[in-house]
Every structure is written in structure tokens, then in C-alpha cells.
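Asker: If you scroll down you'll find the structure; I have some questions about it.
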Amino acid sequence: MTGSTHYEALTPETLADRLVGIEAIAARVGADAGTWRVMEVGDGNLNLVFIVGGPAGTVIVKQALPYVRLVGDSWPLPLKRAFFEYQVLTREAARDPGSVPEVYHFDEAQALIVMEFLAPHVILRKKLIAGETVAGLAETLGNFCARTAFRGSDLAMATAEKKADTAMFQGNVELMAITENLVFTDPYFDAERNHHTEGLDPVVATLRADVEMKAQVQHMLMAFTANTETLCHGDLHSGSAMCTDVETKVIDPEFGFYGPMGFDFGMLISNYVMAYFSQPGHRGAEDLAAYQDWILGVIEDTVAAFEAEFTQLWNTERTGILYPKALFEDQGQSSETALAGVLRHIWQDAVGIGGIEMHRRVLSLAHNADFEQIEDVTVRAPLEARNLMMGRELILRRGEIADARALTDLARKYNEEAFL
Ligand code: SR1
Ligand code: MG
């Protein structure tokens, strides 16, 4: 298949014969395709993912399907998302070295990426459900958010390059449309693909009756579509990180787009908040409080790492058109006030986006396992209700929630409430 322009989805049966000619795989797995072991392990919403192992080693082959896997071929989705994923992976690797799996090969026509097999890493969301901790998690992902946000923006990039890249990523239109609809819009009306847990109707009605909140969500959507501040990962939830007990890598940036610097950061934090609220469905009183405290500590430490790293980059790599040193340091003046304003803007966007993400994961099409794996709906619904109501407050009061501690205090407060 190497060089073939005719796309065909791989299967575990056809993969070895079709990919044996790709040197990047043969060199890492073994030259004899007869020795390859192939397993399809994709459990995401969109793509095929194969583990390909052999005498020399193991690689991952990820291939886009021409439709949304979760829904089927009634929802077509362009293969070009693999191109955008490849482009984002390249930029993330440059902006935060070691943060993403190494890419060995990209085939645009077959919409496939061959990349590093991360082992013994597991999806972060699974670890959070299992009650496991990850050393260095907050620092790694806080740094990742800061480095990618800063180095992909007009604070650091040559603006012609940034504008050309922004124009290119506008082509990821169908993936952005998924976010525009599933994340920002569908939770707030009776959209066809929505579903929610039995018993939540009163809270859903409260949200849909809240005209002020819906307007705020649309203000955030306007920022999503118009504020091309930086190249975002676009889907940075706990299913997009893979961890051992001591190492974290970021995967799956096919939703990459130029948007608000607080987008990834806010989505990540809100997924920790959801992990926090869901914990009573996963463990008993003996270790519940300690583990919930650990999650909130991760939020606070992630924000601290983000701010420290962003500040460091501001002081050492501010070479773009924004807030130039000519206006501050070169005149013997501090740019601290300007930096504080930028960080405040990022934080407010992050808080608002976080609140919206907390709504869509419970009300829209793609729910998260943190809640979904709680089989007893009489346990799940009250936990989801806390999450929905806190999400509402984050959207409405994003300008007043001053810092990470204020956000985690709010989570502790909602964790005690009964809304049903
Ligand atoms: C139809 S895609 C649904 C969701 O899955 C992806 O992981 C993104 O989060 C998207 O919103
Ligand atoms: Mg994904």
C-alpha cells in the first residue's frame, strides 16, 4: 500500500501485508510480516488504532475512518483529520519536547500515522477511575499547556508564520464543527444525539431555562471561533493523556485548531473536576476523601505549573508582535501588569470552557467513563447533578473565580450538595 492513493481501512488481517513495505515499521517491528502480531485496540470515538508487534519491537498504527466510529457511516467525517493530527503532533513535539509520542511515518492518502508505542502507559482517565496517582502529572500537563499556548501564539512566533498556520488549520473545519455543536450548543437544547441519565431532567431544565448562562456560553463560542490566539490540542481531556505511575504523554490532537489560550487548560481542569465528582461511584469511604483531595491538589498544582512556566516563557521567549519588550523592559519598565492581565484572560476563558465541558460530557453525545461506568443511575445522577450545577457557576462567574484555590473550594462545596 505504500504510496497508494486509494484509501482503504486496515483490518488486523490485512495490516501486515499492506504495511510491510513501510521501512519505518519494518525497522522497528521486523522485516518479516509473517512474524507481526496485530491487534485493533481503538476505544475512542473516531479512529482505528492498531498495536503492531514483532521480534524487533512494537509500534502504533492509527488510521482515520471516513466516518465517526461511535455513530457509524451515517456520520461521515473527512480523512484529512489525520493530516491535522500529524501537524499538531509535530508542533507539540517541537514546543514541548518529549510530551507526545514520536511519529515514525505519516501517509496522507491512507490517513494513517505510525507512532511510538507507549508502554506500560494507560489512559489517564482509567487511572483516575481506578484511584491511582501519577507522580509529576500536574507539572507535565501544566507545562505542556503553557509551552504549547505560549510558543504557538503571537507572543513567540513570527507573525507571518503564525498567520499562515492559522489559515491552514482553518481547514480542520469538520472537527471544529463537532466541538462547536457537541460542546458549545447541543447540551442546551434537545439535540437529536443528546442523552442523559434518568433522573437528571430537573437540572437539565434549570440549565436550559438559564438565558444568561446560554448567552455566556455563546460568548465563549464566539471566542472559540474568532480568537485564534494559539494552536490548541483541541481535545485535552483525561482520555488524551497516557501515563505510567511517573510519566505522562499527550496523545490524540486531531481536533487541533487555533483558538483561545485557555481552551486546552480549561478542558483539562474540568475533566479533573469530573473525575473528582465521580469518585463516590468508584470507591468506598476508606480512601474516598484522600483520593478526592489528591485530584484537587492536581488541579491546584497544574494551574501553578502553568502560571510559572508561562511567566518564565514571557520573560525569556517574548519575541513576537505581542507585548514587545520595546514597550516595557527596553524602557526600563516592568511588564508584570501586562502579564497579569494576559494570565487573568487565559484563566477566565479556562474557567468558562471548563464549565461548558462539564455540561457536554453529561448531556451531549460523547459522555465520559468517569460517570458512565457508575452503573447504578441512582448513584450516578446526583453526582452528575453536582457537576452540572458547578459547571453553570463556572460559566456565569468565570470573571469572579479568582484562582485555582477558589475553583477547588467551589468543587468541595458542590460535592456536599444534593440537587435532585
Ligand atoms: C463525535 S466525536 C465526539 C467527541 O469525541 C472526541 O474525543 C471529542 O471529545 C469529541 O467531542
Ligand atoms: Mg480523542
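Identifiers in this document derive from the order of the C-alpha cells: chains are assigned A, B, ..., residues are numbered from 1 separately in each chain, and ligands are numbered from 1 in order of occurrence.
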Near Ala9 (chain A), counting only C-alpha atoms, which residues have an atom at most 10 Å away, once you skip same-chain residues fewer than 6 positions from it, shown as a ChimeraX atom specification?
Answerer: /A:15,48,63-66,110-112
Asker: DSSP on the backbone: which residues in region 228-296 of chain A end up as strand (DSSP E or B)? Give the answer as number ranges by chain.
Answerer: A: 230-232, 241-243, 248-250, 257-259
Asker: Show me, as CSV, the residues of chain A having an atom within 8 Å of ligand 1, each with the closest atom pair and its distance in Å, using only C-alpha atoms and all ligand atoms.
Answerer:
residue,atom,partner,partner_atom_place_in_ligand_line,distance
A:Gly44,CA,ligand 1,7 (O),6.5
A:Asn45,CA,ligand 1,5 (O),5.0
A:Leu46,CA,ligand 1,2 (S),6.3
A:Val68,CA,ligand 1,1 (C),5.8
A:Arg69,CA,ligand 1,1 (C),7.9
A:Leu70,CA,ligand 1,1 (C),6.7
A:Val71,CA,ligand 1,1 (C),7.4
A:Ile178,CA,ligand 1,11 (O),6.0
A:Thr179,CA,ligand 1,11 (O),5.5
A:Leu182,CA,ligand 1,11 (O),6.1
A:Val183,CA,ligand 1,11 (O),6.5
A:Asp235,CA,ligand 1,9 (O),5.5
A:His237,CA,ligand 1,9 (O),7.6
A:Gly239,CA,ligand 1,7 (O),7.8
A:Phe255,CA,ligand 1,8 (C),7.5
A:Leu365,CA,ligand 1,3 (C),6.7
A:Ala366,CA,ligand 1,3 (C),5.0
Asker: From the options A:Thr302, A:Thr159, A:Ser334, A:Ser270, which residue's atoms come nearest to Ala350 (chain A), counting only C-alpha atoms?
Answerer: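 Among the listed residues, the smallest separation from Ala350 (chain A) belongs to A:Ser270.
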Asker: Write out as a list in words which residues come within 9 Å of region 281-298 of chain A when counting only C-alpha atoms, dropping same-chain ones fewer than 6 positions away.
Answerer: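 That gives Leu128, Ile129, Ala130, Gly131, Glu132, Thr133, Leu137, Ala138, Glu139, Ile269, Tyr272, Val273, Ala275, Asp370, Phe371, Gln373, Ile374, Glu375, Asp376, Val379, Arg380, Leu383, Arg405, Thr408, Ala411 and Arg412 of chain A.
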Asker: Restricting it to N, CA and C atoms, dump the selection as a tab-separated table (two decimals), in the first residue's frame.
Answerer:
chain	number	residue	atom	x	y	z
A	128	LEU	N	-7.65	7.45	36.85
A	128	LEU	CA	-8.46	8.26	37.77
A	128	LEU	C	-9.67	7.48	38.27
A	129	ILE	N	-10.22	6.65	37.41
A	129	ILE	CA	-11.36	5.82	37.83
A	129	ILE	C	-10.88	4.74	38.81
A	130	ALA	N	-9.68	4.23	38.57
A	130	ALA	CA	-9.14	3.17	39.43
A	130	ALA	C	-8.56	3.70	40.74
A	131	GLY	N	-8.47	5.02	40.87
A	131	GLY	CA	-7.94	5.59	42.11
A	131	GLY	C	-6.43	5.58	42.19
A	132	GLU	N	-5.77	5.61	41.03
A	132	GLU	CA	-4.30	5.58	41.01
A	132	GLU	C	-3.73	6.99	40.88
A	133	THR	N	-2.57	7.20	41.46
A	133	THR	CA	-1.91	8.51	41.35
A	133	THR	C	-0.79	8.45	40.30
A	137	LEU	N	2.26	14.51	37.36
A	137	LEU	CA	1.17	14.76	36.39
A	137	LEU	C	0.90	16.25	36.21
A	138	ALA	N	0.76	16.94	37.33
A	138	ALA	CA	0.38	18.36	37.25
A	138	ALA	C	1.47	19.17	36.55
A	139	GLU	N	2.71	18.88	36.91
A	139	GLU	CA	3.80	19.66	36.31
A	139	GLU	C	3.90	19.39	34.81
A	269	ILE	N	-8.65	20.87	33.16
A	269	ILE	CA	-9.02	21.07	34.57
A	269	ILE	C	-10.43	20.55	34.83
A	272	TYR	N	-10.60	16.92	35.38
A	272	TYR	CA	-10.23	16.55	36.76
A	272	TYR	C	-11.41	16.78	37.70
A	273	VAL	N	-12.12	17.89	37.50
A	273	VAL	CA	-13.27	18.16	38.37
A	273	VAL	C	-14.31	17.03	38.22
A	275	ALA	N	-13.68	13.95	37.32
A	275	ALA	CA	-13.12	12.77	37.99
A	275	ALA	C	-13.38	12.87	39.50
A	370	ASP	N	-15.91	8.35	33.48
A	370	ASP	CA	-15.92	8.63	34.93
A	370	ASP	C	-17.34	8.48	35.48
A	371	PHE	N	-18.30	9.05	34.78
A	371	PHE	CA	-19.69	8.91	35.21
A	371	PHE	C	-20.35	7.67	34.61
A	373	GLN	N	-19.38	4.78	33.87
A	373	GLN	CA	-19.10	3.47	34.46
A	373	GLN	C	-19.79	3.25	35.80
A	374	ILE	N	-20.49	4.27	36.28
A	374	ILE	CA	-21.28	4.08	37.50
A	374	ILE	C	-22.63	3.51	37.06
A	375	GLU	N	-22.78	2.22	37.23
A	375	GLU	CA	-23.94	1.55	36.64
A	375	GLU	C	-25.26	1.93	37.30
A	376	ASP	N	-25.22	2.12	38.61
A	376	ASP	CA	-26.46	2.43	39.34
A	376	ASP	C	-26.82	3.90	39.09
A	379	VAL	N	-27.11	6.34	41.89
A	379	VAL	CA	-25.84	6.88	42.41
A	379	VAL	C	-25.28	7.91	41.43
A	380	ARG	N	-25.35	7.58	40.13
A	380	ARG	CA	-24.72	8.43	39.12
A	380	ARG	C	-25.40	9.80	39.01
A	383	LEU	N	-24.48	12.67	41.39
A	383	LEU	CA	-23.09	13.13	41.17
A	383	LEU	C	-23.01	14.00	39.92
A	405	ARG	N	-7.48	27.91	43.80
A	405	ARG	CA	-7.99	27.56	45.13
A	405	ARG	C	-9.48	27.89	45.22
A	408	THR	N	-11.20	25.02	43.43
A	408	THR	CA	-11.27	23.74	44.17
A	408	THR	C	-12.17	23.89	45.41
A	411	ALA	N	-15.55	23.28	44.14
A	411	ALA	CA	-15.79	21.85	43.92
A	411	ALA	C	-16.12	21.16	45.25
A	412	ARG	N	-15.37	21.50	46.31
A	412	ARG	CA	-15.66	20.90	47.63
A	412	ARG	C	-17.07	21.25	48.08
Asker: Quick one: everything within 10 Å of Ile401 (chain A), counting only C-alpha atoms, minus sequence neighbours fewer than 4 positions away in the same chain. Send it as a PyMOL selection string.
Answerer: chain A and resi 347-348+351+393-394+396-397+405-407+410
Asker: Between A:Arg151, A:Lys80, A:His195, A:His233, which residue has the minimum interatomic distance to ligand 2, considering only C-alpha atoms and all ligand atoms?
Answerer: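 Closest residue, counting only C-alpha atoms and all ligand atoms: A:His233.
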Asker: So that I can see what lies close to region 56-58 of chain A, please list as number ranges by chain the residues with an atom at most 6 Å from it, counting only C-alpha atoms and leaving out residues fewer than 6 positions away in the same chain.
Answerer: A: 28-30
Asker: From the list A:Asp43, A:Glu13, A:Glu212, A:Glu307, which residue is nearest ligand 2 when using only C-alpha atoms and all ligand atoms?
Answerer: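 Of A:Asp43, A:Glu13, A:Glu212, A:Glu307, the one nearest ligand 2, counting only C-alpha atoms and all ligand atoms, is A:Asp43.
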Asker: From the list A:Ala26, A:Val49, A:Ile346, A:Ala135, which residue is nearest ligand 2 when using only C-alpha atoms and all ligand atoms?
Answerer: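 Answer, going by the shortest atom-to-atom distance: A:Val49.
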